[in-house]
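Since the structure comes first, as structure tokens, the remarks are kept for the end.
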Amino acid sequence: MPTKNSLPAALFNGHSMVAPLVRVLVCSPRTAGWNQAHFAAKWQELGFHHAPHFAIAQSQHDALCHELSSAGAEVLELPPAANLSLDAVYTHDASLPTDHGLIVMRPGKPNRIPEGPHHATFCETLEIPTLGTIASPSTTEAGDILWLDSKTLLIGHGYRTNAAGIQQMRALLSPHSVEVISAPLPYGPGPAACLHLMSLISLLDDHTALVDLPWLAVETVEILKSRRFNFIEIDPSERDTLACNVLALGNNRLLAIEENPKTNARLRQAGFDLRTFPASELCINGSGGPTCLTRPLMRG
């Protein structure tokens, strides 16, 4: 793993979700305790569909990391910590890198609150400063956050990210001329489920979004259309297997899970270079796809 002294200053950014992926943080099932009985025993209260199968999940995570590395990204592993939970494998949610430093999230799911400070401590070793920390009673999860362009942040207002959290994000970013727009989220399966804005939208390039259109608020659709985004709709039969959760690798390349062949075919027909990995245990069991499993720290 690179050391602090081997890295040039400011080897981070954060205002694009579609530029070529250069550097990414992940947390393996092993680091998140999927192989430890006292962690794995909490699967029901954390909303997993069944008890985790560590060996399969770790193998699938290895496949994910292979695809990331093959795409040219430097893959960094989050160090272990005693206060992590099974959910820590979904590294995207706990922090938000910006061009000015890291914003430490305060997740709406209480067991995930320790993850943000742990991200910040690790990122400090990479010379990534902390721009700000979301404080109680505010909640924010980065799975609710989309960069529409380098100066516009769309934040989903739902059960994981509240109005106070959105206001704190606005206060942190307005000095840097970033506009923060709130987007209402549907009730969906209810407060116990994990429904993020990024459960319903994945940005594929600067002008294309993969969407679960019937579940998007009219207001959100109008915002995207006003910015001339083209939509590719998921196959509705693949909603529950996270078809809308696709990671942009940059330069027309995407990473998706192989369990959604109909939606994946639509993406290939649209001209994207789509790579896949098996994710039945790692993603579908815990309701987190490739964007959830990755915390980009730098894009080209």
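Residues are named by chain letter and number: chains run A, B, ... in the order of the structure tokens, numbers start at 1 in each chain, and ligands are numbered from 1 in the order shown.
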
Handout entry: alpha helix (DSSP H) call set, DSSP backbone run, stretch 11-227 of chain A, as a PyMOL selection string
Key = chain A and resi 37-40+54-70+115-125+163-173+218-226

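Considering the residues A:Glu74, A:Gln269, A:Glu258, A:Leu173 and counting only C-alpha atoms, A:Ile284 has its shortest atom-to-atom contact with A:Glu258.
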
Problem - Of the listed residues A:His61, A:Arg160, A:Arg30, A:Arg228, that which approaches A:Ser138 most closely, counting only C-alpha atoms - result: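 Residue with the minimum atom-to-atom distance to A:Ser138: A:Arg160.
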
Practice task
Pick out the residues sitting within 10 Å of A:Ala164, and hand them over as a list in words; count only C-alpha atoms, and ignore anything fewer than 5 positions along from it in its own chain.
Solution key: Ile134, Ala135, Ser136, Pro137, Ser138, Thr139, Thr140, His157, Met169 and Arg170 of chain A

Exercise for the section: Determine, counting only C-alpha atoms, which protein, DNA and RNA residues have an atom within 8 Å of an atom of A:Asp87; residues of the same chain fewer than 3 positions away are not included. Present the result as a VMD selection string. Expected result: chain A and resid 32 46 84 90 112 286
